[in-house]
file run.txt (compact mmCIF, C-alpha atoms and all ligand atoms)
# COMPACT_ATOMS: atom_id res chain seq x y z
CA MET F 179 0.00 0.00 0.00
CA SER F 180 1.28 3.48 -0.87
CA THR F 181 2.57 5.58 2.02
CA MET F 182 2.29 8.78 -0.01
CA GLU F 183 0.33 11.36 1.96
CA LYS F 184 -2.55 12.99 0.09
CA THR F 185 -1.94 16.38 1.73
CA THR F 186 1.83 16.65 1.10
CA GLY F 187 2.35 14.26 -1.85
CA ILE F 188 5.44 12.99 -0.01
CA CYS F 189 6.08 9.34 0.92
CA ARG F 190 6.54 8.49 4.59
CA VAL F 191 9.80 6.98 5.87
CA GLN F 192 8.79 3.65 7.33
CA ARG F 193 12.00 2.44 8.93
CA SER F 194 12.72 3.41 12.53
CA LYS F 195 15.63 5.55 13.73
CA ALA F 196 17.10 2.44 15.38
CA GLN F 197 17.07 0.77 11.96
CA ALA F 198 18.72 3.83 10.38
CA GLN F 199 21.40 3.74 13.07
CA ALA F 200 22.06 0.02 12.56
CA ASN F 201 21.90 0.11 8.74
CA TYR F 202 24.17 3.11 8.26
CA THR F 203 26.66 1.61 10.70
CA ARG F 204 26.56 -1.71 8.82
CA ILE F 205 27.16 -0.05 5.44
CA SER F 206 29.62 2.60 6.64
CA PRO F 207 32.77 0.67 5.51
CA LEU F 208 31.34 0.32 1.97
CA TYR F 209 29.26 3.49 1.77
CA ASP F 210 31.67 5.37 -0.50
CA LEU F 211 31.35 2.67 -3.19
CA PHE F 212 27.63 3.27 -3.78
CA GLY F 213 27.27 6.69 -2.11
CA ALA F 214 29.54 8.10 -4.83
CA PHE F 215 26.52 9.10 -6.94
CA GLU F 216 25.84 11.83 -4.39
CA GLU F 217 29.34 13.32 -4.62
CA LYS F 218 28.82 15.76 -7.52
CA TYR F 219 25.75 17.31 -5.88
CA ARG F 220 27.35 17.44 -2.43
CA ILE F 221 30.28 19.36 -3.97
CA GLU F 222 27.88 21.76 -5.71
CA GLY F 223 26.08 22.28 -2.39
CA LEU F 224 29.37 23.08 -0.67
CA GLN F 225 30.15 25.64 -3.38
CA VAL F 226 26.74 27.24 -2.81
CA LEU F 227 27.33 27.33 0.97
CA ASN F 228 30.73 28.96 0.38
CA ALA F 229 32.36 28.35 3.79
CA ARG F 230 34.72 31.14 4.85
CA GLU F 231 37.81 31.30 7.04
CA GLY F 232 37.11 31.56 10.75
CA GLU F 233 33.48 30.36 10.53
CA ARG F 234 31.85 27.86 12.88
CA ILE F 235 29.89 25.38 10.75
CA LEU F 236 27.69 22.37 11.55
CA GLU F 237 26.99 19.46 9.20
CA VAL F 238 23.92 17.37 10.00
CA GLY F 239 24.12 13.74 8.78
CA PHE F 240 27.76 13.80 7.65
CA GLY F 241 28.02 10.15 6.51
CA THR F 242 31.62 9.21 5.70
CA GLY F 243 32.83 12.77 6.26
CA HIS F 244 33.82 14.13 2.83
CA ALA F 245 32.02 17.43 3.42
CA ILE F 246 33.35 17.67 6.98
CA LEU F 247 36.88 17.43 5.56
CA THR F 248 36.21 20.07 2.87
CA LEU F 249 34.63 22.39 5.44
CA ALA F 250 37.48 21.89 7.91
CA LYS F 251 39.99 22.95 5.23
CA ALA F 252 37.84 25.95 4.24
CA VAL F 253 37.38 27.40 7.74
CA GLY F 254 41.10 27.26 8.46
CA GLU F 255 42.89 27.25 11.80
CA LYS F 256 40.59 29.83 13.37
CA GLY F 257 37.38 28.11 12.30
CA GLU F 258 35.52 25.13 13.75
CA VAL F 259 33.50 22.37 12.13
CA TYR F 260 30.93 20.39 14.07
CA GLY F 261 29.14 17.30 12.83
CA ILE F 262 26.27 15.18 14.07
CA ASP F 263 25.23 11.79 12.69
CA ILE F 264 22.98 9.09 14.11
CA SER F 265 25.30 6.24 13.09
CA GLU F 266 28.28 5.25 15.23
CA GLY F 267 29.90 3.60 12.19
CA MET F 268 29.71 6.87 10.24
CA CYS F 269 31.13 8.74 13.24
CA SER F 270 34.19 6.49 13.47
CA THR F 271 34.75 6.42 9.68
CA THR F 272 34.66 10.22 9.57
CA TRP F 273 36.86 10.62 12.63
CA HIS F 274 39.42 8.35 10.98
CA ARG F 275 39.34 10.57 7.85
CA ILE F 276 39.81 13.74 9.89
CA ARG F 277 42.62 12.24 11.97
CA LYS F 278 44.41 11.12 8.81
CA ALA F 279 44.18 14.69 7.47
CA GLY F 280 45.61 16.06 10.75
CA LEU F 281 42.57 18.29 11.34
CA THR F 282 41.23 16.96 14.65
CA LYS F 283 41.79 20.28 16.45
CA ARG F 284 39.17 22.08 14.41
CA VAL F 285 36.55 19.28 14.14
CA LYS F 286 34.06 18.09 16.76
CA LEU F 287 31.81 15.12 15.99
CA ARG F 288 28.80 13.83 17.91
CA CYS F 289 26.74 10.72 17.47
CA GLY F 290 23.12 11.89 17.82
CA ASP F 291 19.76 12.76 16.32
CA ALA F 292 19.10 15.74 14.05
CA ALA F 293 15.73 16.24 15.75
CA GLN F 294 17.46 17.10 19.06
CA LEU F 295 20.63 19.03 18.32
CA PRO F 296 22.90 19.10 21.40
CA TYR F 297 24.09 22.69 20.82
CA LYS F 298 23.12 26.03 22.30
CA GLY F 299 21.12 28.57 20.31
CA ASN F 300 22.73 30.96 17.78
CA LYS F 301 26.01 28.99 17.88
CA PHE F 302 26.74 28.49 14.16
CA ASP F 303 27.51 30.77 11.24
CA ALA F 304 26.38 28.14 8.75
CA LEU F 305 24.83 24.67 8.45
CA PHE F 306 25.15 22.02 5.75
CA MET F 307 22.87 19.05 5.09
CA SER F 308 23.22 16.85 2.02
CA PHE F 309 20.98 13.86 1.33
CA THR F 310 19.85 13.79 4.95
CA LEU F 311 16.69 15.95 5.14
CA ASP F 312 15.15 13.63 2.53
CA LEU F 313 15.45 10.61 4.84
CA ILE F 314 13.83 12.32 7.82
CA ASP F 315 10.20 11.21 8.20
CA THR F 316 7.65 13.86 7.16
CA PRO F 317 6.36 14.86 10.64
CA GLU F 318 9.97 15.31 11.83
CA ILE F 319 11.14 17.58 8.98
CA PRO F 320 9.73 20.71 10.72
CA MET F 321 11.32 19.58 14.00
CA VAL F 322 14.75 19.09 12.41
CA LEU F 323 14.58 22.42 10.56
CA GLY F 324 13.33 24.10 13.74
CA GLU F 325 16.44 22.82 15.50
CA CYS F 326 18.60 24.07 12.62
CA LEU F 327 16.99 27.51 12.89
CA ARG F 328 17.57 27.55 16.67
CA VAL F 329 21.31 26.74 16.53
CA LEU F 330 22.05 29.10 13.61
CA ARG F 331 22.95 32.70 14.42
CA LYS F 332 20.73 35.49 13.04
CA GLY F 333 21.68 36.07 9.41
CA GLY F 334 23.45 32.69 9.32
CA ARG F 335 22.96 30.44 6.31
CA ILE F 336 21.96 26.85 5.66
CA CYS F 337 22.48 24.83 2.49
CA VAL F 338 20.31 21.75 1.90
CA VAL F 339 20.92 19.27 -0.93
CA ALA F 340 18.02 16.83 -1.33
CA MET F 341 16.02 14.66 -3.67
CA SER F 342 12.98 16.60 -4.80
CA LYS F 343 9.45 16.24 -6.09
CA ARG F 344 9.95 19.43 -8.11
CA GLY F 345 11.20 19.46 -11.68
CA LYS F 346 10.48 17.51 -14.83
CA SER F 347 11.61 13.97 -13.99
CA GLY F 348 8.17 12.73 -12.93
CA PHE F 349 8.45 9.15 -14.22
CA MET F 350 11.88 8.41 -12.71
CA THR F 351 10.88 10.05 -9.44
CA ARG F 352 7.70 7.94 -9.17
CA LEU F 353 9.70 4.78 -9.98
CA TYR F 354 12.15 5.67 -7.22
CA GLU F 355 9.27 6.25 -4.79
CA ILE F 356 7.89 2.79 -5.57
CA LEU F 357 11.32 1.27 -4.80
CA HIS F 358 11.46 3.32 -1.58
CA GLU F 359 8.08 1.89 -0.56
CA MET F 360 9.10 -1.67 -1.46
CA MET F 361 12.44 -1.52 0.40
CA PRO F 362 11.93 1.13 3.12
CA THR F 363 14.89 -0.03 5.20
CA PHE F 364 17.47 0.13 2.44
CA ILE F 365 16.15 2.95 0.25
CA ASP F 366 15.20 5.27 3.08
CA CYS F 367 15.45 8.64 1.33
CA ARG F 368 12.70 9.88 -0.96
CA PRO F 369 11.86 13.10 -2.83
CA ILE F 370 10.64 16.01 -0.71
CA TYR F 371 10.05 19.76 -1.15
CA ALA F 372 13.26 21.17 0.36
CA ALA F 373 12.87 24.91 -0.32
CA GLN F 374 9.22 24.91 0.76
CA SER F 375 10.13 23.05 3.99
CA LEU F 376 12.81 25.65 4.74
CA LYS F 377 10.34 28.51 4.14
CA ASP F 378 7.73 26.80 6.33
CA ALA F 379 10.33 26.54 9.11
CA GLY F 380 10.98 30.30 9.01
CA PHE F 381 14.07 30.55 6.76
CA LEU F 382 14.44 33.05 3.92
CA VAL F 383 15.42 31.27 0.70
CA THR F 384 18.23 33.20 -1.04
CA GLU F 385 19.25 30.74 -3.78
CA HIS F 386 17.34 27.80 -5.26
CA ARG F 387 18.59 25.36 -7.90
CA ASP F 388 16.53 22.54 -9.40
CA ILE F 389 18.95 19.76 -10.34
CA SER F 390 18.71 16.38 -12.01
CA ILE F 391 20.30 13.56 -10.01
CA TRP F 392 20.82 10.80 -12.56
CA GLY F 393 17.34 11.51 -13.92
CA LEU F 394 15.73 12.11 -10.51
CA GLY F 395 14.61 15.51 -9.30
CA GLY F 396 16.76 17.33 -6.77
CA GLU F 397 17.14 20.69 -5.08
CA ILE F 398 20.06 22.70 -3.77
CA VAL F 399 18.73 25.44 -1.53
CA LEU F 400 20.58 28.21 0.27
CA ALA F 401 18.56 29.94 2.97
CA GLN F 402 19.14 32.40 5.76
CA LYS F 403 17.90 32.79 9.33
CA PRO F 404 16.14 36.19 9.44
CA LYS F 405 18.17 38.96 11.10
C1 LIG P 1 22.38 9.29 2.77
S1 LIG P 1 23.59 9.58 4.01
C2 LIG P 1 24.34 11.10 3.39
C3 LIG P 1 25.69 11.35 3.98
C4 LIG P 1 26.41 12.62 3.52
N1 LIG P 1 25.72 13.81 3.93
C5 LIG P 1 26.64 12.63 2.03
O1 LIG P 1 26.16 13.54 1.34
O2 LIG P 1 27.33 11.72 1.53
C6 LIG P 1 22.61 10.14 5.36
C7 LIG P 1 23.32 10.23 6.69
O3 LIG P 1 22.40 10.76 7.65
C8 LIG P 1 22.51 10.03 8.86
N2 LIG P 1 21.21 10.12 9.57
C9 LIG P 1 20.05 9.47 9.30
N3 LIG P 1 19.09 9.85 10.15
C10 LIG P 1 19.64 10.77 10.97
C11 LIG P 1 19.15 11.52 12.07
N4 LIG P 1 17.88 11.42 12.49
N5 LIG P 1 20.01 12.36 12.72
C12 LIG P 1 21.31 12.47 12.31
N6 LIG P 1 21.83 11.77 11.27
C13 LIG P 1 21.00 10.94 10.60
C14 LIG P 1 22.89 8.62 8.44
O4 LIG P 1 23.54 7.90 9.47
C15 LIG P 1 23.81 8.88 7.24
O5 LIG P 1 25.14 8.99 7.64
call {"tool": "encode", "arguments": {"input": "run.txt", "output": "structure tokens", "more": "lines below"}}
Ligand SMILES: C[S@@+](CC[C@H](N)C(=O)[O-])C[C@H]1O[C@@H](n2cnc3c(N)ncnc32)[C@H](O)[C@@H]1O
result
Amino acid sequence: MSTMEKTTGICRVQRSKAQAQANYTRISPLYDLFGAFEEKYRIEGLQVLNAREGERILEVGFGTGHAILTLAKAVGEKGEVYGIDISEGMCSTTWHRIRKAGLTKRVKLRCGDAAQLPYKGNKFDALFMSFTLDLIDTPEIPMVLGECLRVLRKGGRICVVAMSKRGKSGFMTRLYEILHEMMPTFIDCRPIYAAQSLKDAGFLVTEHRDISIWGLGGEIVLAQKPK
């Protein structure tokens, strides 16, 4: 039976957070082999975010840590990069990457849930989230973005890269949604409305790109916390 909600047109995420934690930990050693299809769009998202020297930046759902590494180089010695991910396997894979690069002094990782960020308000200059908002279940998207808004300083920016229901790739997107519904534990992300979710959460959208991710719809959105 379809889990697509009539009101939102978005499929629900049926696996639990405990399953997400276990699955991402199980696949963390091999994630880069099949997660590589996300790389190009993650890099474009990082360019849109445009991290600057001295900034304090948080990545939510950092996976194997490629963006954490890029951000840590961009913020320089005076900057700080924080990351939170629900999977212990992803946390240790990323920590290994950061240690190898000799950047542990400017990176702080936590294993935890995006819906309850363990940081004080107005702490960050910028936030990054790639292919993570689209695997948060629909009722929790406003909670996660509410937390992002809380921890971002006024005028701070957030960049979200996500699969999207917008755009022209209707057939491929519907096919993907069917696979998501057939294998909810393994294909846990699904197309959402990223820019609209950011607006609904109180962000001001400053840049919005519709992208095609191997034939599937996607969005790269840059938004700001109102001053
Ligand atoms: C599809 S991967 C994307 C990883 C990375 N951002 C990238 O672009 O390659 C999603 C990541 O989000 C993490 N995740 C899933 N649910 C989460 C939650 N509720 N809170 C924090 N992290 C979560 C997973 O453990 C996984 O590492």
call {"tool": "closest_residue", "arguments": {"input": "run.txt", "among": "F:Cys189, F:Cys269, F:Met307, F:Cys326", "to": "Leu295 of chain F", "atoms": "only C-alpha atoms"}}
result
F:Cys326
call {"tool": "closest_residue", "arguments": {"input": "run.txt", "among": "F:Ile264, F:Cys289, F:Ile276, F:Met341", "to": "Tyr371 of chain F", "atoms": "only C-alpha atoms"}}
result
F:Met341
call {"tool": "residues_near_ligand", "arguments": {"input": "run.txt", "ligand": "ligand LIG 1 (chain P)", "cutoff": "9 Å", "atoms": "all atoms listed in the file", "output": "PyMOL selection string"}}
result
chain F and resi 195+198-203+206+209-210+213-217+219-221+237-245+262-269+289-295+306-315+318+322+339+366-367
call {"tool": "residues_around", "arguments": {"input": "run.txt", "residues": "Asp378 of chain F", "least_positions_apart": "2", "cutoff": "12 Å", "atoms": "all atoms listed in the file", "output": "ChimeraX atom specification"}}
result
/F:319-321,323-324,327,371-376,380-383,401
call {"tool": "atom_distance", "arguments": {"input": "run.txt", "atom1": "atom CA of Val329 of chain F", "atom2": "atom CA of Leu227 of chain F"}}
result
16.7 Å
call {"tool": "build_atoms", "arguments": {"input": "run.txt", "residues": "segment 338-354 of chain F", "atoms": "N, CA and C atoms", "output": "CSV table (one decimal), keeping the file's coordinate frame"}}
result
chain,number,residue,atom,x,y,z
F,338,VAL,N,20.9,23.1,1.9
F,338,VAL,CA,20.3,21.8,1.9
F,338,VAL,C,20.4,21.2,0.5
F,339,VAL,N,20.9,20.0,0.3
F,339,VAL,CA,20.9,19.3,-0.9
F,339,VAL,C,20.0,18.1,-0.7
F,340,ALA,N,19.0,17.9,-1.6
F,340,ALA,CA,18.0,16.8,-1.3
F,340,ALA,C,17.4,16.4,-2.6
F,341,MET,N,16.9,15.1,-2.6
F,341,MET,CA,16.0,14.7,-3.7
F,341,MET,C,14.7,15.5,-3.6
F,342,SER,N,14.1,15.7,-4.8
F,342,SER,CA,13.0,16.6,-4.8
F,342,SER,C,11.8,16.1,-5.7
F,343,LYS,N,10.6,16.5,-5.3
F,343,LYS,CA,9.4,16.2,-6.1
F,343,LYS,C,9.3,17.3,-7.2
F,344,ARG,N,10.1,18.4,-7.1
F,344,ARG,CA,10.0,19.4,-8.1
F,344,ARG,C,10.6,19.0,-9.4
F,345,GLY,N,10.5,19.7,-10.5
F,345,GLY,CA,11.2,19.5,-11.7
F,345,GLY,C,10.4,18.6,-12.6
F,346,LYS,N,11.2,18.1,-13.7
F,346,LYS,CA,10.5,17.5,-14.8
F,346,LYS,C,10.6,16.0,-14.8
F,347,SER,N,11.3,15.4,-13.9
F,347,SER,CA,11.6,14.0,-14.0
F,347,SER,C,10.6,13.1,-13.3
F,348,GLY,N,9.3,13.4,-13.6
F,348,GLY,CA,8.2,12.7,-12.9
F,348,GLY,C,8.2,11.2,-12.9
F,349,PHE,N,8.5,10.6,-14.1
F,349,PHE,CA,8.4,9.2,-14.2
F,349,PHE,C,9.5,8.5,-13.3
F,350,MET,N,10.8,9.0,-13.5
F,350,MET,CA,11.9,8.4,-12.7
F,350,MET,C,11.6,8.6,-11.2
F,351,THR,N,11.1,9.8,-10.9
F,351,THR,CA,10.9,10.0,-9.4
F,351,THR,C,9.8,9.1,-8.9
F,352,ARG,N,8.7,8.8,-9.6
F,352,ARG,CA,7.7,7.9,-9.2
F,352,ARG,C,8.2,6.5,-9.0
F,353,LEU,N,9.1,6.1,-10.0
F,353,LEU,CA,9.7,4.8,-10.0
F,353,LEU,C,10.5,4.6,-8.7
F,354,TYR,N,11.3,5.7,-8.4
F,354,TYR,CA,12.2,5.7,-7.2
F,354,TYR,C,11.3,5.6,-6.0
